[in-house]
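Asks: Below: one structure in structure tokens.
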Amino acid sequence: MQVASRKFDVLVIGAGGGGLRAALQLSQADAKVAVVSKVFPTRSHTVAAQGGMNAALANVRPDNWHWHMFDTVKGSDYLGDQDAIEYMCRAASHLVYELEHQGVPFSRLDNGKIYQRPFGGQSQNFGGEQAARTCAAADRTGHAILHSLYQQNIRAKTHFFDEFFAIDLLQNGDGGILGAVVLEIETGEPLVIEAKTTLLATGGVGQLFRTNTNAHINTGDGMGMALRAGIPLEDMEFFQFHPTGIAGRGMLITEGARGEGGFLVNKDGERFMERYAPHAKDLASRDVVSRAISTEVREGRGCGDDGDHVMLKLDHLGREVLNKRLPGISSMVKTFLGIDPAEQAIPVFPTAHYTMGGIPTDRYGQVVVPIEQGEEPVPGLYAVGECACVSVHGANRLGGNSLLDIVVFGRAAGNHIIEYLTHNRYHQPMKTDSIDQAMARLSRWDKTGAGESVVGLKQELQAIMEKYCGVFRKEDVLQEGYNQVLELEKRLQDVRLQDHSKIFNTARIEALELENLVDTALATVASALNRKESRGAHSRIDYPNRDDSHWLKHSLYYKEGYRVDYKPVRLKPMTVDTFPPKERVY
Amino acid sequence: MSRLRWQCRRGMLELDALLGDFLDTKYNDLNEQQRTVFQEILSFPDQLLFDYFFGNGKPTDKDVSDVIERIRNTHTPGP
């Protein structure tokens, strides 16, 4: 089949902060760059990052990058790669100043310096006093960064393919990547984009879970593409949950609600947190509260017709306090549930928030795969941001480190690609069988007749993942979840689309997204089933302790044979001494 | 309609949910002029929409303000 084709030096898939930061570096170096995005670029999920970006500027309290490094290693529960973490923390200050010059309006102190706020997990002097390390542009840091980077890219003449969906990577048959087949959503026409290098920056996969905080676009498209190209996914069992999302909808209700005196009750009206955390009660740490809610629901004490949530009570605080201290919550709950939290309790359940795992890369953003001794880069393929696992977050990400991750490694990948292009000046010959394979994946959805629906199967997948691979994990539960996702993978073959039109056929896009979700679900539940310890966000009831002697290693999941393998954690930083694993106490 | 549905895909879950639900349940009740305004609203930046729906922001244009209010009340039981 003849498919239209375009050639670029670099193909960037995904237009969030990571993709746009890399694209900017490349366009400014006169590379010919294509950015493919399934939605308009400034509607990427980076826009939802409100908190800020960590950098040891020491504008408010004493600080240095080495303390930031310690906090990040400790926060990762020692699963983060210490060379990448050193690189990130060292680069942070420079990147903040650079963003400022690119137009990000960081909030200011009275003396004119950039304002920094304290966040959880930040310390001075390797575990001492609270640090203040997070730079923010009011409560819209992600929005400000994304818009600045987009405008800079327009100026640097980056070529944007807006509302194009990437289907699959093109391979040269020898391990190298030659670009991708993409689909123009408006016309339904496929397009081959040939590129000397391809960068995946497609974000996380929060849509795996029924209750999640992520935009609907976060369906793990780059991760799915990597898996189908034979590349493993790293540490997918590590998924960050927040205890109080609006049940069934996912929107986050901040800890502030419990900080102001709100508390959780089960269907009997019992304040159950008193049983799980007699002292801290409703203010216990996120993972403790999440597991308690999940246990109440599993043991039949959940609220509602399906008994699938608990209630957060704020009504005793009074309307005045709610309006004054928690105005955003009142407006959110009224809008989505049509109820007034000053009068009624809010149904809540743990909500999936951030994917720590992803496509394995080194600190230059190169995608790496294991070989007999160590690992080697996949020629022509890079990945950055939430879709990648570099790994700076390890088993648990600290607040303020995700925006930092995307700009630091977006820039690093851009620089490395510039170097790569000087040694790889010409396009390789295209392999038609690789194009045919991607096209077959697309035309599979042209089959007509009766069958299951995309929407139905997606909802089932999300419910399975929430029930069997959420915050409450143990062997038999995970095994059941794994079996059910495998079964669902088989049923995916029987799904048929009702709409076979070409123009703006979003049903077809949702079907392609579902394939990515199923592949990443298997990676997540298989890795979780295999890891028999508790570390960071991966918490096993049957293995409650961290086990460094057996499990201080990264998981690698391969699509072929559903195989799980492991690779060592890079404990050696670039220049400083290793932070050896210690018990993680705050 | 498919085009509108895709344009309701945003960078924030809150906007996805609100705009998507509105399109499914209330969009058909709009007149021609309000539909044009709805399409204009979809071209606004996510952060601005978020402020209009959940924060203190208020559009200056009366027609825009009216449609924003309708979207915000998607889940409020009607009279």
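Numbering starts fresh at 1 for the residues of each chain in the structure tokens, the chains themselves are lettered A, B, ... in the order given, and ligands are numbered from 1 as they appear.
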Contacts of segment 21-23 of chain B at 10 Å or less, counting only C-alpha atoms, minus same-chain residues fewer than 4 places along, as an MDAnalysis selection string?

Replies: (chainID A and resid 336) or (chainID B and resid 1 4:5 8 15:17 27:29 38 70:75)

Asks: May I have the selected residues written with C-alpha atoms, as an mmCIF file, in the first residue's frame?

Replies:
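Listed below is the output, part22.cif:
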data_model
loop_
_atom_site.group_PDB
_atom_site.id
_atom_site.type_symbol
_atom_site.label_atom_id
_atom_site.label_comp_id
_atom_site.auth_asym_id
_atom_site.auth_seq_id
_atom_site.Cartn_x
_atom_site.Cartn_y
_atom_site.Cartn_z
ATOM 1 C CA PHE A 336 -19.479 17.534 39.303
ATOM 2 C CA MET B 1 -20.006 16.404 16.273
ATOM 3 C CA LEU B 4 -16.334 18.927 18.691
ATOM 4 C CA ARG B 5 -15.915 15.779 20.765
ATOM 5 C CA CYS B 8 -13.394 18.653 24.248
ATOM 6 C CA LEU B 15 -12.253 20.122 31.668
ATOM 7 C CA ASP B 16 -12.520 16.765 29.840
ATOM 8 C CA ALA B 17 -15.274 15.698 32.183
ATOM 9 C CA TYR B 27 -25.315 20.731 23.729
ATOM 10 C CA ASN B 28 -28.419 19.849 21.728
ATOM 11 C CA ASP B 29 -30.433 22.342 23.760
ATOM 12 C CA PHE B 38 -19.521 27.059 22.430
ATOM 13 C CA ARG B 70 -24.689 26.562 31.241
ATOM 14 C CA ILE B 71 -21.623 24.298 31.017
ATOM 15 C CA ARG B 72 -20.853 24.801 34.672
ATOM 16 C CA ASN B 73 -24.400 23.749 35.549
ATOM 17 C CA THR B 74 -24.263 20.539 33.485
ATOM 18 C CA HIS B 75 -24.671 18.384 36.589
#

Asks: Would you give me, as a list in words, the residues of chain A that come within 8 Å of chain B, using only C-alpha atoms?

Replies: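 Result, ordered by chain then number: Val39, Thr42, Arg43, Ser44, His45, Thr46, Val47, Ala48, Arg140, His143, Glu186, Thr213, Asn214, Ala215, His216, Ile217, Met251, Gly328, Ser331, Met332, Lys334, Thr335, Phe336, Leu337, Gly338, Phe504, Asn505 and Thr506 of chain A.
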
Asks: Among segment 180-294 of chain A, which ones does DSSP place in strand (DSSP E), written as an mmCIF file with N, CA and C atoms, in the first residue's frame?

Replies:
data_model
loop_
_atom_site.group_PDB
_atom_site.id
_atom_site.type_symbol
_atom_site.label_atom_id
_atom_site.label_comp_id
_atom_site.auth_asym_id
_atom_site.auth_seq_id
_atom_site.Cartn_x
_atom_site.Cartn_y
_atom_site.Cartn_z
ATOM 1 N N ALA A 180 7.921 7.041 12.248
ATOM 2 C CA ALA A 180 6.655 6.443 12.679
ATOM 3 C C ALA A 180 5.588 6.617 11.613
ATOM 4 N N VAL A 181 4.578 5.756 11.683
ATOM 5 C CA VAL A 181 3.366 5.969 10.891
ATOM 6 C C VAL A 181 2.390 6.719 11.778
ATOM 7 N N VAL A 182 1.840 7.814 11.255
ATOM 8 C CA VAL A 182 0.884 8.602 12.029
ATOM 9 C C VAL A 182 -0.404 8.734 11.228
ATOM 10 N N LEU A 183 -1.456 9.145 11.919
ATOM 11 C CA LEU A 183 -2.769 9.233 11.285
ATOM 12 C C LEU A 183 -3.308 10.640 11.479
ATOM 13 N N GLU A 184 -3.704 11.277 10.385
ATOM 14 C CA GLU A 184 -4.317 12.604 10.520
ATOM 15 C C GLU A 184 -5.773 12.401 10.948
ATOM 16 N N PRO A 190 -3.365 8.069 6.650
ATOM 17 C CA PRO A 190 -2.085 7.789 7.294
ATOM 18 C C PRO A 190 -0.950 8.570 6.622
ATOM 19 N N LEU A 191 0.116 8.766 7.369
ATOM 20 C CA LEU A 191 1.288 9.469 6.847
ATOM 21 C C LEU A 191 2.524 8.830 7.456
ATOM 22 N N VAL A 192 3.529 8.574 6.606
ATOM 23 C CA VAL A 192 4.801 8.081 7.127
ATOM 24 C C VAL A 192 5.694 9.286 7.405
ATOM 25 N N ILE A 193 6.190 9.392 8.630
ATOM 26 C CA ILE A 193 7.178 10.437 8.916
ATOM 27 C C ILE A 193 8.525 9.757 9.120
ATOM 28 N N GLU A 194 9.404 9.949 8.122
ATOM 29 C CA GLU A 194 10.742 9.375 8.221
ATOM 30 C C GLU A 194 11.617 10.340 9.003
ATOM 31 N N ALA A 195 12.369 9.802 9.952
ATOM 32 C CA ALA A 195 13.209 10.672 10.773
ATOM 33 C C ALA A 195 14.496 9.955 11.140
ATOM 34 N N LYS A 196 15.576 10.735 11.222
ATOM 35 C CA LYS A 196 16.859 10.146 11.629
ATOM 36 C C LYS A 196 16.815 9.777 13.106
ATOM 37 N N THR A 197 16.057 10.552 13.868
ATOM 38 C CA THR A 197 15.841 10.215 15.286
ATOM 39 C C THR A 197 14.380 10.468 15.643
ATOM 40 N N THR A 198 13.871 9.660 16.558
ATOM 41 C CA THR A 198 12.486 9.785 17.018
ATOM 42 C C THR A 198 12.504 9.906 18.538
ATOM 43 N N LEU A 199 11.744 10.872 19.051
ATOM 44 C CA LEU A 199 11.671 11.073 20.498
ATOM 45 C C LEU A 199 10.238 10.833 20.963
ATOM 46 N N LEU A 200 10.057 9.916 21.904
ATOM 47 C CA LEU A 200 8.738 9.667 22.480
ATOM 48 C C LEU A 200 8.563 10.558 23.707
ATOM 49 N N LEU A 233 9.197 -2.212 29.180
ATOM 50 C CA LEU A 233 8.854 -1.079 30.050
ATOM 51 C C LEU A 233 9.434 -1.348 31.434
ATOM 52 N N GLU A 234 9.925 -0.264 32.058
ATOM 53 C CA GLU A 234 10.647 -0.391 33.328
ATOM 54 C C GLU A 234 9.766 0.052 34.504
ATOM 55 N N PHE A 239 3.022 3.123 40.720
ATOM 56 C CA PHE A 239 2.029 4.110 40.298
ATOM 57 C C PHE A 239 1.612 4.916 41.516
ATOM 58 N N GLN A 240 1.704 6.227 41.421
ATOM 59 C CA GLN A 240 1.382 7.054 42.584
ATOM 60 C C GLN A 240 -0.126 7.308 42.681
ATOM 61 N N PHE A 241 -0.685 7.028 43.864
ATOM 62 C CA PHE A 241 -2.108 7.275 44.125
ATOM 63 C C PHE A 241 -2.275 8.388 45.142
ATOM 64 N N HIS A 242 -3.372 9.115 45.017
ATOM 65 C CA HIS A 242 -3.746 10.116 46.017
ATOM 66 C C HIS A 242 -5.001 9.585 46.710
ATOM 67 N N PRO A 243 -5.085 9.671 48.062
ATOM 68 C CA PRO A 243 -6.183 8.983 48.748
ATOM 69 C C PRO A 243 -7.583 9.516 48.452
ATOM 70 N N THR A 244 -7.716 10.806 48.223
ATOM 71 C CA THR A 244 -9.080 11.327 48.093
ATOM 72 C C THR A 244 -9.351 11.943 46.726
ATOM 73 N N GLY A 245 -9.832 11.097 45.815
ATOM 74 C CA GLY A 245 -10.350 11.591 44.534
ATOM 75 C C GLY A 245 -11.862 11.491 44.601
ATOM 76 N N ILE A 246 -12.580 12.313 43.846
ATOM 77 C CA ILE A 246 -14.043 12.192 43.780
ATOM 78 C C ILE A 246 -14.356 10.814 43.199
ATOM 79 N N PHE A 263 -13.116 14.608 57.826
ATOM 80 C CA PHE A 263 -12.741 13.221 58.148
ATOM 81 C C PHE A 263 -13.541 12.235 57.312
ATOM 82 N N LEU A 264 -13.016 10.986 57.276
ATOM 83 C CA LEU A 264 -13.587 9.941 56.428
ATOM 84 C C LEU A 264 -14.489 9.027 57.249
ATOM 85 N N VAL A 265 -15.607 8.597 56.657
ATOM 86 C CA VAL A 265 -16.481 7.622 57.321
ATOM 87 C C VAL A 265 -16.866 6.523 56.341
#

Asks: Would you list, as a list of chain:residue names, the residues of segment 42-71 of chain B that end up in helix (DSSP H, G or I) under DSSP run on this structure's backbone?

Replies: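 Selection result, helix (DSSP H, G or I) within segment 42-71 of chain B: B:Leu42, B:Asp46, B:Gln47, B:Leu48, B:Leu49, B:Phe50, B:Asp51, B:Tyr52, B:Phe53, B:Phe54, B:Lys62, B:Asp63, B:Val64, B:Ser65, B:Asp66, B:Val67, B:Ile68, B:Glu69, B:Arg70, B:Ile71.
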
Asks: Could you save the residues just selected, with C-alpha atoms, as an mmCIF file, in the first residue's frame?

Replies:
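Generated file (part-v6.cif):
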data_model
loop_
_atom_site.group_PDB
_atom_site.id
_atom_site.type_symbol
_atom_site.label_atom_id
_atom_site.label_comp_id
_atom_site.auth_asym_id
_atom_site.auth_seq_id
_atom_site.Cartn_x
_atom_site.Cartn_y
_atom_site.Cartn_z
ATOM 1 C CA LEU B 42 -13.343 25.464 22.937
ATOM 2 C CA ASP B 46 -7.254 25.366 29.379
ATOM 3 C CA GLN B 47 -6.173 27.501 32.308
ATOM 4 C CA LEU B 48 -8.630 30.265 31.396
ATOM 5 C CA LEU B 49 -11.481 27.760 31.112
ATOM 6 C CA PHE B 50 -10.490 26.280 34.468
ATOM 7 C CA ASP B 51 -10.680 29.739 36.060
ATOM 8 C CA TYR B 52 -14.073 30.392 34.479
ATOM 9 C CA PHE B 53 -15.506 27.076 35.700
ATOM 10 C CA PHE B 54 -13.919 26.635 39.120
ATOM 11 C CA LYS B 62 -22.286 38.351 28.007
ATOM 12 C CA ASP B 63 -22.905 35.553 25.461
ATOM 13 C CA VAL B 64 -19.727 33.718 26.460
ATOM 14 C CA SER B 65 -20.592 34.147 30.111
ATOM 15 C CA ASP B 66 -24.047 32.668 29.513
ATOM 16 C CA VAL B 67 -22.722 29.529 27.799
ATOM 17 C CA ILE B 68 -19.961 29.112 30.420
ATOM 18 C CA GLU B 69 -22.652 29.196 33.096
ATOM 19 C CA ARG B 70 -24.689 26.562 31.241
ATOM 20 C CA ILE B 71 -21.623 24.298 31.017
#

Asks: What lies within 12 Å of Asp30 of chain A using only C-alpha atoms, ignoring chain neighbours under 5 positions off, as a list in words?

Replies: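 Counting only C-alpha atoms, the residues come to Phe8, Asp9, Val10, Ala23, Leu24, Gln25, Asn153, Ala156, Lys157, Thr158, Gly414, Ile418 and Leu421 of chain A.
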
Asks: Using only N, CA and C atoms, please write the residues we just selected to a file, as a tab-separated table (two decimals), in the first residue's frame.

Replies:
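Okay, part.tsv is ready:
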chain	number	residue	atom	x	y	z
A	8	PHE	N	12.00	14.30	8.05
A	8	PHE	CA	12.52	15.28	9.01
A	8	PHE	C	13.80	14.72	9.65
A	9	ASP	N	14.58	15.62	10.23
A	9	ASP	CA	15.74	15.15	11.00
A	9	ASP	C	15.26	14.45	12.26
A	10	VAL	N	14.27	15.08	12.91
A	10	VAL	CA	13.79	14.56	14.19
A	10	VAL	C	12.26	14.54	14.21
A	23	ALA	N	12.24	19.73	21.39
A	23	ALA	CA	12.04	20.30	20.04
A	23	ALA	C	12.67	21.68	19.94
A	24	LEU	N	12.54	22.46	21.00
A	24	LEU	CA	13.10	23.81	20.99
A	24	LEU	C	14.63	23.77	20.86
A	25	GLN	N	15.26	22.90	21.66
A	25	GLN	CA	16.71	22.76	21.60
A	25	GLN	C	17.15	22.42	20.16
A	153	ASN	N	8.85	27.60	20.31
A	153	ASN	CA	8.95	26.65	19.21
A	153	ASN	C	8.40	27.22	17.90
A	156	ALA	N	10.98	29.36	16.60
A	156	ALA	CA	12.14	28.61	16.08
A	156	ALA	C	11.78	27.76	14.86
A	157	LYS	N	10.52	27.87	14.41
A	157	LYS	CA	10.06	27.19	13.19
A	157	LYS	C	10.01	25.67	13.31
A	158	THR	N	9.66	25.19	14.48
A	158	THR	CA	9.34	23.77	14.64
A	158	THR	C	8.07	23.50	13.84
A	414	GLY	N	17.56	16.68	23.63
A	414	GLY	CA	17.79	17.57	22.48
A	414	GLY	C	19.27	17.70	22.18
A	418	ILE	N	21.35	16.31	18.79
A	418	ILE	CA	22.17	17.18	17.93
A	418	ILE	C	23.51	16.51	17.65
A	421	LEU	N	23.02	13.50	15.33
A	421	LEU	CA	22.78	13.87	13.93
A	421	LEU	C	24.08	14.21	13.20

Asks: Calculate how many Å separate atom CA of Arg117 of chain A from atom CA of Pro573 of chain A, rounding to one decimal.

Replies: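 Value for the atom CA of Arg117 of chain A-atom CA of Pro573 of chain A distance: 27.3 Å.
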
Asks: Leaving out Val289 of chain A and any residue of its chain fewer than 5 positions from it, which residues lie within 8 Å of it when counting only C-alpha atoms, given as a list in words?

Replies: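 Everything that qualifies: Pro243, Met273, Asp282, Leu283 and Ala284 of chain A.
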
Asks: Can you tell me which residues surround Phe409 of chain A at a distance of at most 9 Å, considering only C-alpha atoms, apart from same-chain residues fewer than 6 positions away, and format the answer as a PyMOL selection string?

Replies: chain A and resi 18+21-22+88+363-365+383-385+390

Asks: Contacts of Ala56 of chain A at 7 Å or less, counting only C-alpha atoms, minus same-chain residues fewer than 6 places along, as a list in words?

Replies: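 What passes the distance filter is Asp63, Asn64, Trp65, His68, Ser93 and Arg133 of chain A.
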